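Q: Right, I'll just put the structure down here and ask away after.
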Amino acid sequence: MIPVAEARTRIVSALPKMAAETVALTAAHGRVLAEGVSARRTQPPFAVSAMDGWAARHVDLANKLKPIGSVAAGGRFAGKIGAGETVRIFTGAPVPDGADAIVIQEDADLGPDGLLTVREMPKPGQWIRRAGLDFAEGDELLPIGRQLGPADIALAAAMNRPWLAVRRKPRLAVLATGDELARPGDPIGPNQIVSSNNLGLCALIAACGGEAVDLGIARDTEADLREKAEAARGCDMLLTLGGASVGEHDLIHKVLGAGGAGIDFWRIAMRPGKPLMFGRAALSFGDMPLLGLPGNPVSALVCALLFVKPAIRAMLGQDWTLQPEIALAAEALGANDKREDYLRAKLETDDKGRLLARPFARQDSSMLRLLSDADCLVIRPPLAPPVAAGEPVPFLRMAL
């Protein structure tokens, strides 16, 4: 058995980085930038008013001012403000030439004589957003490797970038295996269970920025396994579920792994998830990376979090390392054996505001309900000594 960290490194080092493609900004949410993005214009492109009010020269504000015009957003005052003059201005409008202050409308009164009296004097430059306050033309604001969120899309639009170069989404084929499996909603035989791993794995792939290709369920025959696997043509990686151990009905090694010749490793010193296999699948159209996940539902999804998520990030050119956080153990934990444990747990906050992690009493790898309820996975390194309640423990959040 090899350590978890070594397995993860060997997996990501064997994967290709996705090529760049150009997409419309409207389709770029959630995509990963293949190059940095620089602004094509300055924002704001000119000084604008931050409030509705009156534009004037600061030196004149102690005296009554004569209104000489009005300007709204999208327009411009054609003249120049001189001594004793003011222009009615609205939020977002360009500041007229000659003005260096904005008096907000609540702080001034327009008298019956048609002149403006300032009651509350602003500081010089107050309520004026200078040109380039946000960014200047040529500034690189979105770096390579950035996964674009809603604010990034808005920023790219303000930068006048209608098209962006992003990494192509990795296409991961997902193949469940086993005579015991039936799809949700299909007729279920007396000795079958509902297949859940493949759907959870496809959801995780999509959440991590990949594209999942569900190949269905392969029955426990060499012919059906190979036929289903051949449908992975055009994908970047093949993920199988179940059949990766060495039992009589575990066919992945024999059929896809060229009898073991194409397998790098197939056992990890971890719990849950020991029977995890990685290598290359030998298919009619060529070899492709093959990751064989365990068949137990919890084992499969824990392994997906630890290995599939970093794999996708590596193919997208992102930092693929996992960064554990620290909480306090809500209760005592016993010493660990030679396998690295990942305990499903809830996060709590005590009366002092400290973050606590409370592992569930049962950690059976078939219990999806507890995985759904879990906030995190508490990490127990190999041969870790006992931990008393209140001592620190590392954890990984379940959130993707």
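Within each chain, counting starts at residue 1; across the structure tokens, chains are named A, B, ... in the order shown, with ligands numbered 1 upward in that order.
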Write out as a PDB file with N, CA and C atoms, in the first residue's frame each polymer residue whose atoms come within 12 Å of Met121 (chain A), counting only C-alpha atoms; drop sequence neighbours fewer than 2 positions from it.
A:
ATOM      1  N   TRP A  54     -24.603  68.937  -6.746  1.00  0.00           N
ATOM      2  CA  TRP A  54     -24.205  70.119  -7.499  1.00  0.00           C
ATOM      3  C   TRP A  54     -22.684  70.117  -7.645  1.00  0.00           C
ATOM      4  N   ALA A  56     -19.233  72.118  -8.456  1.00  0.00           N
ATOM      5  CA  ALA A  56     -18.794  73.504  -8.317  1.00  0.00           C
ATOM      6  C   ALA A  56     -17.291  73.547  -8.026  1.00  0.00           C
ATOM      7  N   ARG A  57     -16.755  74.797  -7.946  1.00  0.00           N
ATOM      8  CA  ARG A  57     -15.385  74.998  -7.491  1.00  0.00           C
ATOM      9  C   ARG A  57     -15.406  75.098  -5.970  1.00  0.00           C
ATOM     10  N   HIS A  58     -14.499  74.383  -5.317  1.00  0.00           N
ATOM     11  CA  HIS A  58     -14.521  74.353  -3.858  1.00  0.00           C
ATOM     12  C   HIS A  58     -14.326  75.748  -3.256  1.00  0.00           C
ATOM     13  N   VAL A  59     -13.515  76.588  -3.907  1.00  0.00           N
ATOM     14  CA  VAL A  59     -13.227  77.916  -3.359  1.00  0.00           C
ATOM     15  C   VAL A  59     -14.463  78.811  -3.337  1.00  0.00           C
ATOM     16  N   ASP A  60     -15.526  78.434  -4.091  1.00  0.00           N
ATOM     17  CA  ASP A  60     -16.722  79.271  -4.192  1.00  0.00           C
ATOM     18  C   ASP A  60     -17.840  78.844  -3.257  1.00  0.00           C
ATOM     19  N   LEU A  61     -17.668  77.736  -2.513  1.00  0.00           N
ATOM     20  CA  LEU A  61     -18.798  77.144  -1.806  1.00  0.00           C
ATOM     21  C   LEU A  61     -19.309  77.985  -0.640  1.00  0.00           C
ATOM     22  N   ALA A  62     -18.500  78.911  -0.153  1.00  0.00           N
ATOM     23  CA  ALA A  62     -18.964  79.742   0.966  1.00  0.00           C
ATOM     24  C   ALA A  62     -19.946  80.817   0.504  1.00  0.00           C
ATOM     25  N   ASN A  63     -20.030  81.032  -0.780  1.00  0.00           N
ATOM     26  CA  ASN A  63     -20.919  82.053  -1.331  1.00  0.00           C
ATOM     27  C   ASN A  63     -22.076  81.400  -2.092  1.00  0.00           C
ATOM     28  N   ALA A 101     -15.422  69.750  -6.708  1.00  0.00           N
ATOM     29  CA  ALA A 101     -16.185  69.291  -5.544  1.00  0.00           C
ATOM     30  C   ALA A 101     -17.624  69.039  -5.962  1.00  0.00           C
ATOM     31  N   ILE A 102     -18.270  68.137  -5.232  1.00  0.00           N
ATOM     32  CA  ILE A 102     -19.690  67.858  -5.407  1.00  0.00           C
ATOM     33  C   ILE A 102     -20.381  68.137  -4.075  1.00  0.00           C
ATOM     34  N   VAL A 103     -21.396  68.967  -4.120  1.00  0.00           N
ATOM     35  CA  VAL A 103     -22.239  69.199  -2.944  1.00  0.00           C
ATOM     36  C   VAL A 103     -23.452  68.296  -3.102  1.00  0.00           C
ATOM     37  N   ILE A 104     -23.641  67.355  -2.160  1.00  0.00           N
ATOM     38  CA  ILE A 104     -24.785  66.463  -2.317  1.00  0.00           C
ATOM     39  C   ILE A 104     -26.069  67.254  -2.102  1.00  0.00           C
ATOM     40  N   GLN A 105     -27.140  66.797  -2.788  1.00  0.00           N
ATOM     41  CA  GLN A 105     -28.363  67.594  -2.844  1.00  0.00           C
ATOM     42  C   GLN A 105     -28.973  67.840  -1.471  1.00  0.00           C
ATOM     43  N   GLU A 106     -28.733  66.935  -0.501  1.00  0.00           N
ATOM     44  CA  GLU A 106     -29.288  67.138   0.839  1.00  0.00           C
ATOM     45  C   GLU A 106     -28.621  68.292   1.586  1.00  0.00           C
ATOM     46  N   ASP A 107     -27.423  68.733   1.096  1.00  0.00           N
ATOM     47  CA  ASP A 107     -26.653  69.749   1.821  1.00  0.00           C
ATOM     48  C   ASP A 107     -26.711  71.118   1.171  1.00  0.00           C
ATOM     49  N   ALA A 108     -27.674  71.329   0.264  1.00  0.00           N
ATOM     50  CA  ALA A 108     -27.767  72.626  -0.408  1.00  0.00           C
ATOM     51  C   ALA A 108     -29.232  72.983  -0.642  1.00  0.00           C
ATOM     52  N   THR A 117     -27.482  77.892  -2.112  1.00  0.00           N
ATOM     53  CA  THR A 117     -26.766  78.100  -0.856  1.00  0.00           C
ATOM     54  C   THR A 117     -26.310  76.741  -0.308  1.00  0.00           C
ATOM     55  N   VAL A 118     -25.029  76.639   0.006  1.00  0.00           N
ATOM     56  CA  VAL A 118     -24.456  75.387   0.523  1.00  0.00           C
ATOM     57  C   VAL A 118     -24.509  75.409   2.043  1.00  0.00           C
ATOM     58  N   ARG A 119     -25.171  74.415   2.649  1.00  0.00           N
ATOM     59  CA  ARG A 119     -25.277  74.340   4.107  1.00  0.00           C
ATOM     60  C   ARG A 119     -24.180  73.473   4.731  1.00  0.00           C
ATOM     61  N   LYS A 123     -15.380  68.276   1.410  1.00  0.00           N
ATOM     62  CA  LYS A 123     -13.946  68.468   1.243  1.00  0.00           C
ATOM     63  C   LYS A 123     -13.629  68.564  -0.247  1.00  0.00           C
ATOM     64  N   PRO A 124     -12.483  69.167  -0.599  1.00  0.00           N
ATOM     65  CA  PRO A 124     -12.103  69.203  -2.019  1.00  0.00           C
ATOM     66  C   PRO A 124     -12.016  67.788  -2.582  1.00  0.00           C
ATOM     67  N   GLY A 125     -12.650  67.567  -3.712  1.00  0.00           N
ATOM     68  CA  GLY A 125     -12.628  66.268  -4.350  1.00  0.00           C
ATOM     69  C   GLY A 125     -13.615  65.261  -3.795  1.00  0.00           C
ATOM     70  N   GLN A 126     -14.322  65.620  -2.717  1.00  0.00           N
ATOM     71  CA  GLN A 126     -15.265  64.671  -2.138  1.00  0.00           C
ATOM     72  C   GLN A 126     -16.422  64.401  -3.103  1.00  0.00           C
ATOM     73  N   TRP A 127     -16.871  63.147  -3.120  1.00  0.00           N
ATOM     74  CA  TRP A 127     -17.963  62.663  -3.955  1.00  0.00           C
ATOM     75  C   TRP A 127     -17.619  62.667  -5.451  1.00  0.00           C
TER      76      TRP A 127
END
Q: Mind checking which residues fall within 7 Å of region 81-84 of chain A, counting only C-alpha atoms, ignoring those fewer than 6 positions away in the same chain, and posting them as number ranges by chain?
A: A: 56, 60, 65-66, 96-99
Q: I need the chosen residues saved as an mmCIF file, in the first residue's frame, with all heavy atoms.
A:
data_model
loop_
_atom_site.group_PDB
_atom_site.id
_atom_site.type_symbol
_atom_site.label_atom_id
_atom_site.label_comp_id
_atom_site.auth_asym_id
_atom_site.auth_seq_id
_atom_site.Cartn_x
_atom_site.Cartn_y
_atom_site.Cartn_z
ATOM 1 N N ALA A 56 -19.233 72.118 -8.456
ATOM 2 C CA ALA A 56 -18.794 73.504 -8.317
ATOM 3 C C ALA A 56 -17.291 73.547 -8.026
ATOM 4 O O ALA A 56 -16.647 72.508 -7.847
ATOM 5 C CB ALA A 56 -19.568 74.197 -7.198
ATOM 6 N N ASP A 60 -15.526 78.434 -4.091
ATOM 7 C CA ASP A 60 -16.722 79.271 -4.192
ATOM 8 C C ASP A 60 -17.840 78.844 -3.257
ATOM 9 O O ASP A 60 -18.895 79.504 -3.199
ATOM 10 C CB ASP A 60 -17.270 79.235 -5.627
ATOM 11 C CG ASP A 60 -16.310 79.839 -6.645
ATOM 12 O OD1 ASP A 60 -15.496 80.696 -6.233
ATOM 13 O OD2 ASP A 60 -16.381 79.431 -7.822
ATOM 14 N N LEU A 65 -24.257 80.358 -5.231
ATOM 15 C CA LEU A 65 -23.792 79.935 -6.538
ATOM 16 C C LEU A 65 -24.918 80.034 -7.560
ATOM 17 O O LEU A 65 -26.088 79.806 -7.247
ATOM 18 C CB LEU A 65 -23.303 78.481 -6.469
ATOM 19 C CG LEU A 65 -22.191 78.181 -5.460
ATOM 20 C CD1 LEU A 65 -21.929 76.681 -5.391
ATOM 21 C CD2 LEU A 65 -20.914 78.926 -5.845
ATOM 22 N N LYS A 66 -24.508 80.327 -8.785
ATOM 23 C CA LYS A 66 -25.472 80.472 -9.858
ATOM 24 C C LYS A 66 -25.518 79.183 -10.696
ATOM 25 O O LYS A 66 -24.515 78.806 -11.305
ATOM 26 C CB LYS A 66 -25.086 81.644 -10.751
ATOM 27 C CG LYS A 66 -26.025 81.824 -11.943
ATOM 28 C CD LYS A 66 -25.532 82.967 -12.833
ATOM 29 C CE LYS A 66 -26.446 83.119 -14.058
ATOM 30 N NZ LYS A 66 -25.952 84.200 -14.956
ATOM 31 N N PRO A 96 -18.106 68.267 -14.716
ATOM 32 C CA PRO A 96 -17.804 69.346 -15.670
ATOM 33 C C PRO A 96 -16.404 69.907 -15.464
ATOM 34 O O PRO A 96 -15.863 69.901 -14.347
ATOM 35 C CB PRO A 96 -18.874 70.395 -15.362
ATOM 36 C CG PRO A 96 -19.981 69.643 -14.699
ATOM 37 C CD PRO A 96 -19.314 68.571 -13.922
ATOM 38 N N ASP A 97 -15.823 70.390 -16.542
ATOM 39 C CA ASP A 97 -14.522 71.048 -16.450
ATOM 40 C C ASP A 97 -14.615 72.214 -15.469
ATOM 41 O O ASP A 97 -15.605 72.962 -15.454
ATOM 42 C CB ASP A 97 -14.090 71.565 -17.820
ATOM 43 C CG ASP A 97 -13.764 70.432 -18.786
ATOM 44 O OD1 ASP A 97 -13.551 69.293 -18.312
ATOM 45 O OD2 ASP A 97 -13.738 70.694 -20.002
ATOM 46 N N GLY A 98 -13.577 72.370 -14.669
ATOM 47 C CA GLY A 98 -13.520 73.463 -13.712
ATOM 48 C C GLY A 98 -14.003 73.087 -12.330
ATOM 49 O O GLY A 98 -13.663 73.761 -11.353
ATOM 50 N N ALA A 99 -14.809 72.039 -12.191
ATOM 51 C CA ALA A 99 -15.340 71.647 -10.878
ATOM 52 C C ALA A 99 -14.337 70.750 -10.152
ATOM 53 O O ALA A 99 -13.659 69.924 -10.777
ATOM 54 C CB ALA A 99 -16.660 70.924 -11.031
#
Q: Would you compute the distance between CA of Ile89 (chain A) and CA of Ile153 (chain A)? Give it in Å to one decimal.
A: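 CA of Ile153 (chain A) lies 30.0 Å from CA of Ile89 (chain A).
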Q: Separation of CA of Val213 (chain A) and CA of Arg171 (chain A), in Å?
A: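 Interatomic distance here is 6.8 Å.
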Q: Between A:Pro392, A:Glu227, A:Arg233, A:Ser196, single out the one closest to Val298 (chain A), counting only C-alpha atoms.
A: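 Ranked by minimum distance to Val298 (chain A), first place goes to A:Ser196.
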